[in-house]
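Asker: There's a structure below that I have some questions on.
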Amino acid sequence: MNTNFKTTTSEKAAKLGSMYAENGFFSPVNAFSEADAEKLRKDYETAEEELTGDTERLSLLKAYPNRLLPSFDTATRNETLVEAAKEILGENILVWSAALFIKEASSTKIVSWHQDLTYWQLNDIKEVTCWLAISSARKQAGCMKFIPGSHKNRIVPHNDTFDENNLLTRGQEISVEVNENEAVYAELDPGQASFHHGLLFHSSGPNTTNDRRIGSAIRYISASMKQETGDCPLVTQVSGNTDYGNFRILSPPKGRLLEEEFELCRLDNELKKKLLL
């Protein structure tokens, strides 16, 4: 079902909420035109070229595109995406991260079956992941796939494989049996997005196409959430104005690839490494 939240009626919103509650996801949401998605891609890939050879900054760019490229910060504030998140989380919404997941052309890289909230050390489940397609994310490119209704479980046991072929930081994968026959593929065109619950079982396969598969995983959370450790990672607020004091809320980046922004990202990256242990 194609969903455009700019024209959503209360009846349609209620139906959508019911669908999300039952399945744990909805897809696709039409957020950007393909031309606008191409502009995002060009901005990112131009930044990659400018940082050629600088391994550290390239890594930070992939992890913090919304801090280092104003175009990606603007993307996280897209009215359609934020309205979708508000249907799930309410008015006061933060962006906890917006990292890029990239599978190069003809890549064997995969993402194993997992639940997003396993290692983040957040105190609640008021989170939704918006997976925004910057390039085509069809089945052959290794699009996301979901097990409907699996979000009704709490966090299940995971194994850390540290598999080099796995895009997840720990190669984490669900250690209980997952029935692949139940999987629903969330194919997306550039500019479309999917939304899924933080406890939903999901994964993705290899990219067998001759183009990169680029997506931004925008983690929207309720501003009422906090880290169980008491730490305050960097976030931006994209809806509402209530500050519970649980995070360090930043204004949009002041410019493109600024050193002061890289320094903020370096510090936050060290904190996230600790949180994700």
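All residue names refer to the structure tokens as shown: chains lettered A, B, ... in order, residues numbered from 1 in each chain, ligands numbered from 1 in order.
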Just the residues within 10 Å of Asp268 of chain A, please, counting only C-alpha atoms, with nothing from its chain fewer than 5 positions along; format it as a ChimeraX atom specification.

Answerer: /A:64,232-235,262-263,273-274

Asker: Generate the output file for the selected residues, N, CA and C atoms, as a CSV table (one decimal), in the first residue's frame.

Answerer:
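Okay, part-v9.csv is ready:
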chain,number,residue,atom,x,y,z
A,64,TYR,N,27.0,9.2,10.4
A,64,TYR,CA,26.4,10.5,10.8
A,64,TYR,C,26.1,11.4,9.6
A,232,CYS,N,24.1,10.6,27.6
A,232,CYS,CA,23.3,11.5,26.7
A,232,CYS,C,23.8,11.7,25.3
A,233,PRO,N,23.5,10.7,24.4
A,233,PRO,CA,24.0,10.8,23.1
A,233,PRO,C,23.5,12.0,22.3
A,234,LEU,N,24.1,12.4,21.2
A,234,LEU,CA,23.6,13.5,20.4
A,234,LEU,C,22.3,13.1,19.6
A,235,VAL,N,21.3,13.9,19.6
A,235,VAL,CA,20.1,13.7,18.9
A,235,VAL,C,19.7,15.0,18.3
A,262,PHE,N,32.5,17.1,12.6
A,262,PHE,CA,33.3,15.9,12.7
A,262,PHE,C,33.7,15.6,14.1
A,263,GLU,N,34.1,16.7,14.9
A,263,GLU,CA,34.5,16.5,16.2
A,263,GLU,C,33.4,16.0,17.1
A,273,LYS,N,29.9,3.4,20.8
A,273,LYS,CA,30.6,2.2,20.9
A,273,LYS,C,30.4,1.6,22.3
A,274,LYS,N,30.4,2.4,23.3
A,274,LYS,CA,30.2,1.9,24.7
A,274,LYS,C,28.8,1.4,24.9

Asker: Between A:Ser204, A:Gln121, A:Asn78, A:Thr236, which has the minimum distance to Ile249 of chain A (counting only C-alpha atoms)?

Answerer: A:Thr236

Asker: Restricting the calculation to only C-alpha atoms: of A:Leu267, A:Leu89, A:Met144, A:Val128, which residue gets closest to Ile214 of chain A?

Answerer: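 Among the listed residues, the smallest separation from Ile214 of chain A belongs to A:Met144.
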
Asker: For Asn66 of chain A, which of A:Glu83, A:Glu49, A:Glu177, A:Asp43 is the closest residue, counting only C-alpha atoms?

Answerer: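 Between A:Glu83, A:Glu49, A:Glu177, A:Asp43, the residue approaching Asn66 of chain A most closely is A:Asp43.
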
Asker: What gap, in Å, lies between atom CA of Trp120 of chain A and atom CA of Ala98 of chain A?

Answerer: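 Value for the atom CA of Trp120 of chain A-atom CA of Ala98 of chain A distance: 14.1 Å.
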
Asker: Would you list the contacts of Ser33 of chain A as a ChimeraX atom specification, taking every protein, DNA or RNA residue within 9 Å and counting only C-alpha atoms, but skipping same-chain residues closer than 5 positions in sequence?

Answerer: /A:38,190-192

Asker: Mind checking DSSP for segment 62-160 of chain A and telling me the helix (DSSP H, G or I) residues as a CSV table (one decimal) with N, CA and C atoms, in the first residue's frame?

Answerer:
chain,number,residue,atom,x,y,z
A,62,LYS,N,29.4,7.9,7.0
A,62,LYS,CA,28.4,6.9,6.9
A,62,LYS,C,27.5,6.7,8.1
A,63,ALA,N,28.2,6.9,9.3
A,63,ALA,CA,27.4,6.8,10.5
A,63,ALA,C,26.6,8.0,10.9
A,65,PRO,N,25.4,10.9,8.5
A,65,PRO,CA,25.2,11.7,7.4
A,65,PRO,C,24.3,12.9,7.7
A,66,ASN,N,23.5,12.8,8.7
A,66,ASN,CA,22.6,13.9,9.1
A,66,ASN,C,23.3,15.0,9.9
A,67,ARG,N,24.5,14.7,10.4
A,67,ARG,CA,25.3,15.7,11.1
A,67,ARG,C,26.3,16.4,10.1
A,68,LEU,N,26.7,15.7,9.1
A,68,LEU,CA,27.8,16.2,8.3
A,68,LEU,C,27.3,16.7,6.9
A,70,PRO,N,23.9,18.7,5.5
A,70,PRO,CA,22.6,19.3,5.8
A,70,PRO,C,21.5,18.7,5.0
A,71,SER,N,21.7,18.2,3.8
A,71,SER,CA,20.7,17.6,3.0
A,71,SER,C,20.1,16.4,3.7
A,72,PHE,N,20.9,15.7,4.5
A,72,PHE,CA,20.4,14.5,5.2
A,72,PHE,C,19.7,14.9,6.4
A,73,ASP,N,20.1,15.9,7.1
A,73,ASP,CA,19.4,16.4,8.3
A,73,ASP,C,18.0,16.8,7.8
A,74,THR,N,17.9,17.5,6.7
A,74,THR,CA,16.6,17.9,6.1
A,74,THR,C,15.8,16.7,5.8
A,75,ALA,N,16.4,15.7,5.3
A,75,ALA,CA,15.6,14.4,5.0
A,75,ALA,C,15.0,13.8,6.2
A,76,THR,N,15.7,13.9,7.4
A,76,THR,CA,15.1,13.3,8.6
A,76,THR,C,13.9,14.1,9.1
A,79,GLU,N,8.4,16.1,6.0
A,79,GLU,CA,7.0,16.1,6.6
A,79,GLU,C,6.3,14.8,6.6
A,80,THR,N,6.4,14.1,5.5
A,80,THR,CA,5.8,12.8,5.3
A,80,THR,C,6.3,11.8,6.3
A,81,LEU,N,7.7,11.7,6.4
A,81,LEU,CA,8.3,10.8,7.3
A,81,LEU,C,8.0,11.1,8.8
A,82,VAL,N,8.0,12.4,9.1
A,82,VAL,CA,7.8,12.8,10.5
A,82,VAL,C,6.3,12.5,10.9
A,83,GLU,N,5.4,12.8,10.0
A,83,GLU,CA,4.0,12.5,10.2
A,83,GLU,C,3.7,11.0,10.4
A,84,ALA,N,4.4,10.2,9.7
A,84,ALA,CA,4.3,8.7,9.9
A,84,ALA,C,4.8,8.3,11.2
A,85,ALA,N,6.0,8.9,11.6
A,85,ALA,CA,6.5,8.6,12.9
A,85,ALA,C,5.6,9.0,14.1
A,86,LYS,N,4.9,10.2,13.9
A,86,LYS,CA,4.0,10.7,14.9
A,86,LYS,C,2.8,9.8,15.1
A,87,GLU,N,2.4,9.1,14.0
A,87,GLU,CA,1.3,8.2,14.1
A,87,GLU,C,1.6,7.1,15.1
A,88,ILE,N,2.9,6.8,15.3
A,88,ILE,CA,3.4,5.7,16.1
A,88,ILE,C,3.9,6.2,17.5
A,89,LEU,N,4.6,7.3,17.5
A,89,LEU,CA,5.3,7.7,18.7
A,89,LEU,C,4.7,8.9,19.4
A,116,ASP,N,16.1,-4.6,16.3
A,116,ASP,CA,16.9,-3.4,16.4
A,116,ASP,C,17.3,-3.1,17.9
A,117,LEU,N,16.4,-3.3,18.8
A,117,LEU,CA,16.5,-2.8,20.1
A,117,LEU,C,17.4,-3.7,21.0
A,118,THR,N,18.0,-4.7,20.4
A,118,THR,CA,18.7,-5.7,21.3
A,118,THR,C,19.9,-5.1,22.1
A,139,LYS,N,14.3,-6.6,-4.4
A,139,LYS,CA,14.7,-7.8,-3.9
A,139,LYS,C,16.1,-8.2,-4.3
A,140,GLN,N,16.4,-8.0,-5.6
A,140,GLN,CA,17.7,-8.4,-6.1
A,140,GLN,C,18.8,-7.6,-5.5
A,141,ALA,N,18.5,-6.4,-5.0
A,141,ALA,CA,19.5,-5.5,-4.4
A,141,ALA,C,19.7,-5.8,-2.9
A,150,SER,N,6.1,-10.5,14.5
A,150,SER,CA,7.2,-10.9,15.3
A,150,SER,C,7.6,-9.8,16.4
A,151,HIS,N,7.1,-8.6,16.2
A,151,HIS,CA,7.3,-7.5,17.2
A,151,HIS,C,6.6,-7.8,18.5
A,152,LYS,N,5.6,-8.7,18.5
A,152,LYS,CA,4.9,-9.0,19.7
A,152,LYS,C,5.7,-9.8,20.7

Asker: Residues within 12 Å of Phe146 of chain A, please, as number ranges by chain. Count only C-alpha atoms; anything in the same chain fewer than 3 positions from it doesn't count.

Answerer: A: 23-27, 111-115, 143, 149-151, 178-187, 194-205

Asker: Among segment 213-276 of chain A, which ones does DSSP place in strand (DSSP E), written as a list in words?

Answerer: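 Matching residues, listed in order: Arg213, Ile214, Gly215, Ser216, Ala217, Ile218, Arg219, Tyr220, Ile221, Ser222, Leu234, Val235, Thr236, Gln237, Val238, Ser239, Arg248 and Ile249 of chain A.
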
Asker: Kindly save the residues from that selection, with C-alpha atoms included, as an mmCIF file, in the first residue's frame.

Answerer:
data_model
loop_
_atom_site.group_PDB
_atom_site.id
_atom_site.type_symbol
_atom_site.label_atom_id
_atom_site.label_comp_id
_atom_site.auth_asym_id
_atom_site.auth_seq_id
_atom_site.Cartn_x
_atom_site.Cartn_y
_atom_site.Cartn_z
ATOM 1 C CA ARG A 213 22.112 -0.212 -2.620
ATOM 2 C CA ILE A 214 22.109 2.841 -0.348
ATOM 3 C CA GLY A 215 19.657 3.402 2.488
ATOM 4 C CA SER A 216 19.460 5.578 5.583
ATOM 5 C CA ALA A 217 18.130 3.890 8.723
ATOM 6 C CA ILE A 218 16.511 6.804 10.549
ATOM 7 C CA ARG A 219 15.854 5.824 14.170
ATOM 8 C CA TYR A 220 12.978 7.929 15.466
ATOM 9 C CA ILE A 221 12.402 7.716 19.227
ATOM 10 C CA SER A 222 10.039 9.336 21.693
ATOM 11 C CA LEU A 234 23.600 13.467 20.386
ATOM 12 C CA VAL A 235 20.113 13.719 18.893
ATOM 13 C CA THR A 236 18.036 16.173 16.909
ATOM 14 C CA GLN A 237 14.388 17.025 17.615
ATOM 15 C CA VAL A 238 12.143 16.811 14.564
ATOM 16 C CA SER A 239 8.725 17.151 16.208
ATOM 17 C CA ARG A 248 21.946 16.238 24.056
ATOM 18 C CA ILE A 249 19.675 17.926 21.527
#

Asker: Might you pull out every residue within 12 Å of Lys42 of chain A, with only C-alpha atoms counted and same-chain residues fewer than 2 positions away left off, and present them as a list of chain:residue names?

Answerer: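 In the requested format, the answer is A:Ala35, A:Asp36, A:Ala37, A:Glu38, A:Lys39, A:Leu40, A:Tyr44, A:Glu45, A:Thr46, A:Ala47, A:Glu48, A:Glu49, A:Leu69, A:Ser71, A:Phe72, A:Ile134, A:Ser135, A:Ile214.
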